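Asks: Next up is a structure, given as structure tokens.
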Amino acid sequence: MLLEVKNLVTQFTTKDGIVNAVNGVDFNIKEGEVVAVVGESGSGKSVTSLSIMGLIPDPPGRIVNGEILFKGENLLNKGRKEMQDIRGNDISMIFQEPMTSLNPVFTIGKQIIEVILRHENISKKEAKKRAVEILQVVGIPSPETRLDDYPHHMSGGMRQRVMIAMALVCSPNLLIADEPTTALDVTIQAEILDLMLNLKEKMGTSILLITHDLGVVAQIADRVVVMYGGKVVETGKVGQIFKNPRHPYTKGLLKSIPRMDEESETLFMIPGIVPNPLNMPKGCAFSDRCSYCNEECINEEPSLLIDEGNGVRCFLYSKLHERKM
């Protein structure tokens with residue numbers, strides 16, 4: 001197993017109290033696998049990815065429990081220098097908005113070369129050659145010329161390609177892509193997804209995809225992890241999740257996707273809003289939005305039940321799970 005996240009709890013201290021943004025998250029990623037983490041804003045997706053990268057700002061945030069095992073070693077036991085060696089080399093990340101992630105006062109060539117020189121003992125001339133090669137790999141035309149461009153000289157799609165180039169230039173084992181197609185038009189989005197899949201096949205890189213777009217998940221993922229209220233509520237292979245979703249929240253997400261083969265005047269909407277993390281429901285976090293809710297859901301928190309590699313956090317399946325066990 002390349003990455004194992006076990007019972008991860010990440011807290012933030014606010015003026016109103018302590019927030020468990022990630023509250024007992026478990027999942028894993030195999031070598032060469034694409035795992036998508038999906039959910040609404042506030043579900044804990046991005047905080048989970050930042051926890052893996054060791055980028056939680058302290059204060060106000062801190063990881064208070066759990067393990068993040070990468071190649072069998074717990075990243076939470078690594079010091080600052082060790083994590084700097086791992087980031088960009090063994091684990092890389094594509095952030096949501098390339099315009100705010102790229103430094104506007106440096107050329108893209110300088111920024112890519114800096115990553116190479118930080119992790120590899122090669123000359124600046126050789127690093128520049130590698131930078132040109134990786135820009136060519138990600139489909140940027142005239143890469144020798146574009147090395148001297150600043151981020152604002154490029155379109156959104158091109159800046160995203162530069163971010164992918166920076167993330168992949170040291171051939172990482174794991175690529176974390178946090179909403180890599182946000183704010184891109186559908187044509188550029190399709191190109192970026194194809195690019196990521198092609199690079200995965202060529203380089204054997206595993207991908208952790210953070211997204212709220214189930215259309216993207218259907219195109220690229222092998223397995224899906226559905227998060228809600230800082231917890232994993234369902235996990236399974238992408239085909240199983242789309243054909244036979246089990247958690248009411250997953251069903252609601254899939255039902256809200258517009259379909260070309262159905263006519264409807266209005267789109268389905270999950271009632272209510274994501275609960276305030278400072279005032280989470282006593283029982284199931286989804287209970288006040290769920291049409292299946294009963295007294296047990298209101299008063300008790302369900303466990304994540306694992307059955308044949310698939311998991312669901314819902315009392316609807318507790319009896320079924322007991323029979324199969």
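Labels used: A, B, ... for chains in the order of the structure tokens, numbers from 1 for residues in each chain, and numbers from 1 for ligands as shown.
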Do a neighbour search on segment 43-49 of chain A at 6 Å with only C-alpha atoms, toss out local chain neighbours closer than 4 positions, and write the hits as a ChimeraX atom specification.
Replies: /A:21-22,39,227-230
Asks: Could you pull out the residues in segment 34-253 of chain A that DSSP calls helix (DSSP H, G or I) from the backbone, as number ranges by chain?
Replies: A: 45-53, 75-77, 80-86, 98-101, 108-119, 124-137, 143-146, 151-153, 156-168, 186-203, 214-220, 238-243, 248-253
Asks: Can you measure atom CA of Met93 of chain A to atom CA of Asn276 of chain A for me? One decimal in Å is fine.
Replies: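 Pair atom CA of Met93 of chain A / atom CA of Asn276 of chain A returns 28.1 Å.
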Asks: Could you tell me how far atom CA of Ala221 of chain A sits from atom CA of Arg313 of chain A, in Å to one decimal place?
Replies: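 If I compute the distance from atom CA of Arg313 of chain A to atom CA of Ala221 of chain A, I get 21.1 Å.
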Asks: Run DSSP on the backbone of this structure and report the residues of segment 61-122 of chain A it assigns to strand (DSSP E or B), as a ChimeraX atom specification.
Replies: /A:61-70,73-74,87,91-94
Asks: Nearest to Leu3 of chain A among A:Pro141, A:Pro271, A:Ser206, A:Val169, with distances taken over only C-alpha atoms: which residue is it?
Replies: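 Looking only at the distances to Leu3 of chain A, the closest residue turns out to be A:Ser206.
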Asks: Neighbouring residues of segment 23-32 of chain A were defined as those with any atom within 10 Å, considering only C-alpha atoms; residues of the same chain fewer than 2 positions away were excluded. Please report them as a PDB file with C-alpha atoms, in the first residue's frame.
Replies:
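File written: result_20.pdb
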```pdb
ATOM      1  CA  MET A   1       0.000   0.000   0.000  1.00  0.00           C
ATOM      2  CA  LEU A   2       1.432   3.380  -0.993  1.00  0.00           C
ATOM      3  CA  LEU A   3      -0.583   5.596   1.387  1.00  0.00           C
ATOM      4  CA  GLU A   4      -2.708   4.721   4.421  1.00  0.00           C
ATOM      5  CA  VAL A   5      -4.627   7.354   6.369  1.00  0.00           C
ATOM      6  CA  LYS A   6      -5.816   5.993   9.711  1.00  0.00           C
ATOM      7  CA  ASN A   7      -8.224   7.718  12.116  1.00  0.00           C
ATOM      8  CA  LEU A   8      -6.962  11.174  11.138  1.00  0.00           C
ATOM      9  CA  VAL A   9      -8.210  14.074  13.281  1.00  0.00           C
ATOM     10  CA  THR A  10      -7.264  17.651  12.366  1.00  0.00           C
ATOM     11  CA  GLN A  11      -8.471  20.499  14.592  1.00  0.00           C
ATOM     12  CA  VAL A  19     -13.429  22.712  15.145  1.00  0.00           C
ATOM     13  CA  ASN A  20     -12.716  19.130  14.066  1.00  0.00           C
ATOM     14  CA  ALA A  21     -12.390  19.814  10.335  1.00  0.00           C
ATOM     15  CA  VAL A  34      -6.580   7.017  -8.752  1.00  0.00           C
ATOM     16  CA  VAL A  35      -8.685   7.668  -5.641  1.00  0.00           C
ATOM     17  CA  ALA A  36     -11.200  10.516  -5.671  1.00  0.00           C
ATOM     18  CA  VAL A  37     -12.328  12.245  -2.466  1.00  0.00           C
ATOM     19  CA  GLY A  44     -12.981  18.167   5.028  1.00  0.00           C
ATOM     20  CA  THR A  48      -7.305  16.049   4.542  1.00  0.00           C
ATOM     21  CA  VAL A  64      -4.272  15.665  17.156  1.00  0.00           C
ATOM     22  CA  ASN A  65      -4.738  11.986  16.295  1.00  0.00           C
ATOM     23  CA  GLY A  66      -4.163   9.310  13.700  1.00  0.00           C
ATOM     24  CA  GLU A  67      -1.479   8.072  11.326  1.00  0.00           C
ATOM     25  CA  ILE A  68      -0.490   8.967   7.757  1.00  0.00           C
ATOM     26  CA  LEU A  69       1.599   6.064   6.500  1.00  0.00           C
ATOM     27  CA  PHE A  70       3.516   6.663   3.266  1.00  0.00           C
ATOM     28  CA  LYS A  71       5.464   3.607   2.136  1.00  0.00           C
ATOM     29  CA  ASN A 173       5.001   8.453  -6.269  1.00  0.00           C
ATOM     30  CA  LEU A 174       1.829  10.309  -5.230  1.00  0.00           C
ATOM     31  CA  LYS A 200      -0.264   8.355 -14.684  1.00  0.00           C
ATOM     32  CA  GLU A 201       0.107   5.624 -17.316  1.00  0.00           C
ATOM     33  CA  MET A 203       5.028   7.552 -14.968  1.00  0.00           C
ATOM     34  CA  GLY A 204       3.054   5.124 -12.762  1.00  0.00           C
ATOM     35  CA  THR A 205       2.071   7.943 -10.399  1.00  0.00           C
ATOM     36  CA  SER A 206      -0.800   7.362  -7.968  1.00  0.00           C
ATOM     37  CA  ILE A 207      -3.330  10.210  -7.815  1.00  0.00           C
ATOM     38  CA  LEU A 208      -5.438  11.500  -4.926  1.00  0.00           C
ATOM     39  CA  ASP A 222     -10.673   3.878  -9.748  1.00  0.00           C
ATOM     40  CA  ARG A 223     -12.131   4.258  -6.246  1.00  0.00           C
ATOM     41  CA  VAL A 224     -14.209   6.916  -4.508  1.00  0.00           C
ATOM     42  CA  VAL A 225     -14.168   8.223  -0.939  1.00  0.00           C
ATOM     43  CA  MET A 227     -16.829  12.710   2.842  1.00  0.00           C
ATOM     44  CA  GLY A 229     -18.938  16.584   8.109  1.00  0.00           C
ATOM     45  CA  GLY A 230     -15.242  15.672   8.354  1.00  0.00           C
ATOM     46  CA  LYS A 231     -15.876  11.934   8.104  1.00  0.00           C
ATOM     47  CA  VAL A 232     -15.873   9.252   5.414  1.00  0.00           C
ATOM     48  CA  VAL A 233     -19.513   8.233   4.844  1.00  0.00           C
ATOM     49  CA  THR A 235     -16.162   4.310  -0.020  1.00  0.00           C
ATOM     50  CA  LEU A 304     -18.139   2.906   9.037  1.00  0.00           C
TER      51      LEU A 304
END
```
Asks: Take atom CA of Cys293 of chain A and atom CA of Lys255 of chain A and report the distance between them in Å, one decimal.
Replies: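 Between atom CA of Cys293 of chain A and atom CA of Lys255 of chain A the gap is 18.3 Å.
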Asks: Give one line per residue of segment 154-268 of chain A that approaches segment 125-139 of chain A to at most 8 Å, naming the two atoms of the closest pair and their distance in Å to one decimal, counting only C-alpha atoms; sort by chain then ascending residue number and deliver it as a tab-separated table.
Replies:
```
residue	atom	partner	partner_atom	distance
A:Arg161	CA	A:Val138	CA	6.0
A:Val162	CA	A:Leu135	CA	7.0
A:Ile164	CA	A:Val138	CA	7.4
A:Ala165	CA	A:Ile134	CA	5.7
A:Leu168	CA	A:Ile134	CA	7.9
A:Val169	CA	A:Ile134	CA	6.2
A:Leu195	CA	A:Val138	CA	6.7
```
